[in-house]
Structures are given as C-alpha cells and as structure tokens.
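Asker: Supplied in structure tokens, the structure appears directly below.
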Amino acid sequence: MTPLIPSGRHWITTQDQPFTLSDGTVLVVPKGFVFDGHSLGVVLSGFLNAYSYDMYAALLHDFTYRYNIGTRKDADDEYLRHMEMYGANLIRRYTFYTVVRLVSWLFW
C-alpha cells in the first residue's frame, strides 16, 4: 500500500495507488493526490476512529467523486467494498456508508 502523508486535515499519496474495482477494472490514484480521508470521520470522530487502514477506501472514494468515475452509487458501493477489504468491521462500514449515501450527493 502507498504510504499516506498527513497534511493538516488532508492526506497526500506518496506514490501511485492501484485499486481493483468490482468489475475488474484497475483504477490508479496518482502520486501527489490530495484527499480529506473519511470526511464524515471528523463528525463521527468521537464515535468512530476516522483514521485506519480503511483510509484507502476513502482515498478511492474521494478520487472517484472528484473525477466523476462511474455513478455516485458505484463510487459509494466501491467505498463500502473496499472498507471491508481493508478490515473495517460491519458497524463501521455501514455507519460510514449510510452517512455517505445520505449526504454525499451534495458533492457529486
């Protein structure tokens, strides 16, 4: 996995980070991409730790949103799938996913 560098409230990729999507497509997030991690993690930080290995799911989600890759539902579903791949437990996955589905349309 690509090391991530914290930069204030944002994170920066230090090398290209490939992701395999559910349809088999490989999407590469380039070195130097700046993202805000689990945005809603700031709101839920007292309830759920916003920073863990599933931060890579947030990286993928932010990239797909910024460049409108696929549909919003596709991006959110990949976020959920990758959160599981990176070890997020069931409660964490569905809490974050539900909030993303409810409010992320504002950013699409």
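By order of appearance in the structure tokens: chains A, B, ..., then residues from 1 within every chain, and ligands from 1 in the order shown.
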So that I can see what lies close to Thr25 (chain A), please list as a ChimeraX atom specification the residues with an atom at most 12 Å from it, counting only C-alpha atoms and leaving out residues fewer than 5 positions away in the same chain.
Answerer: /A:18-20,69-70,78
Asker: Extract, using only C-alpha atoms, all DNA, RNA and protein residues at most 7 Å from Asp36 (chain A), discarding same-chain residues fewer than 2 positions from it, and format them as an mmCIF file with N, CA and C atoms, in the first residue's frame.
Answerer:
```cif
data_model
loop_
_atom_site.group_PDB
_atom_site.id
_atom_site.type_symbol
_atom_site.label_atom_id
_atom_site.label_comp_id
_atom_site.auth_asym_id
_atom_site.auth_seq_id
_atom_site.Cartn_x
_atom_site.Cartn_y
_atom_site.Cartn_z
ATOM 1 N N ARG A 9 -5.585 18.662 7.682
ATOM 2 C CA ARG A 9 -6.744 17.783 7.682
ATOM 3 C C ARG A 9 -6.805 16.942 6.405
ATOM 4 N N HIS A 10 -5.787 17.039 5.596
ATOM 5 C CA HIS A 10 -5.748 16.310 4.335
ATOM 6 C C HIS A 10 -4.624 15.277 4.348
ATOM 7 N N TRP A 11 -4.656 14.401 3.353
ATOM 8 C CA TRP A 11 -3.647 13.367 3.174
ATOM 9 C C TRP A 11 -3.147 13.438 1.747
ATOM 10 N N HIS A 38 -11.751 10.151 5.478
ATOM 11 C CA HIS A 38 -13.162 9.972 5.812
ATOM 12 C C HIS A 38 -13.695 11.320 6.273
ATOM 13 N N SER A 39 -14.210 12.103 5.360
ATOM 14 C CA SER A 39 -14.690 13.449 5.683
ATOM 15 C C SER A 39 -15.639 13.422 6.862
#
```
Asker: List the spatial neighbours of Thr13 (chain A) as an MDAnalysis selection string - criterion: any atom at most 9 Å away, only C-alpha atoms, same-chain residues fewer than 4 positions off excluded.
Answerer: chainID A and resid 2:5 17 29:35 59
Asker: Find the residues near region 94-97 of chain A: any atom within 8 Å, counting only C-alpha atoms, skip ones fewer than 4 places away on the same chain, and give them as a PyMOL selection string.
Answerer: chain A and resi 40+76+79-80+90+101
Asker: Write out as a count of residues only all residues of chain A that backbone DSSP assigns to helix (DSSP H, G or I).
Answerer: 47
Asker: So what do you get for CA of Ser22 (chain A) versus CA of Leu102 (chain A), distance-wise?
Answerer: 22.3 Å
Asker: Quick check, in Å to one decimal: how far apart do CA of Leu106 (chain A) and CA of Glu84 (chain A) lie?
Answerer: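 It comes out at 24.6 Å.
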Asker: Can you list, as a PDB file with N, CA and C atoms, in the first residue's frame, every protein, DNA or RNA residue that comes within 7 Å of region 85-88 of chain A when you count only C-alpha atoms, leaving out same-chain residues fewer than 4 positions away?
Answerer:
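As written to disk, part01.pdb reads:
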```pdb
ATOM      1  N   TYR A  53      -6.602   1.675   8.423  1.00  0.00           N
ATOM      2  CA  TYR A  53      -6.261   1.177   7.091  1.00  0.00           C
ATOM      3  C   TYR A  53      -7.386   1.379   6.088  1.00  0.00           C
ATOM      4  N   ASP A  54      -8.633   1.469   6.569  1.00  0.00           N
ATOM      5  CA  ASP A  54      -9.709   1.690   5.608  1.00  0.00           C
ATOM      6  C   ASP A  54      -9.687   3.101   5.033  1.00  0.00           C
ATOM      7  N   ARG A  81     -17.230  -1.704  -0.294  1.00  0.00           N
ATOM      8  CA  ARG A  81     -16.487  -2.934  -0.591  1.00  0.00           C
ATOM      9  C   ARG A  81     -15.029  -2.831  -0.137  1.00  0.00           C
ATOM     10  N   ARG A  92     -18.803  -0.201  11.551  1.00  0.00           N
ATOM     11  CA  ARG A  92     -18.072   0.934  10.962  1.00  0.00           C
ATOM     12  C   ARG A  92     -18.411   1.073   9.482  1.00  0.00           C
ATOM     13  N   ARG A  93     -18.377  -0.033   8.742  1.00  0.00           N
ATOM     14  CA  ARG A  93     -18.656   0.010   7.295  1.00  0.00           C
ATOM     15  C   ARG A  93     -20.018   0.613   7.017  1.00  0.00           C
TER      16      ARG A  93
END
```
Asker: Enter the distance from CA of Val28 (chain A) to CA of Leu60 (chain A), in Å, rounded to one decimal.
Answerer: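 Answer for the CA of Val28 (chain A) to CA of Leu60 (chain A) separation: 9.0 Å.
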Asker: Restricting the calculation to only C-alpha atoms, which member of A:Leu21, A:Val26, A:Val103, A:Ile12 is positioned closest to Ala75 (chain A)?
Answerer: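 Closest candidate: A:Leu21.
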Asker: What parts of region 3-104 of chain A does DSSP call strand (DSSP E)? I'd like the answer as a PyMOL selection string.
Answerer: chain A and resi 4-7+10-13+17-20+26-29+34-35
Asker: Which is closer to Arg66 (chain A) than all the others in A:Asn89, A:Ser7, A:Ser104, A:Thr14, using only C-alpha atoms?
Answerer: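 Closest to Arg66 (chain A) of all the choices is A:Ser104.
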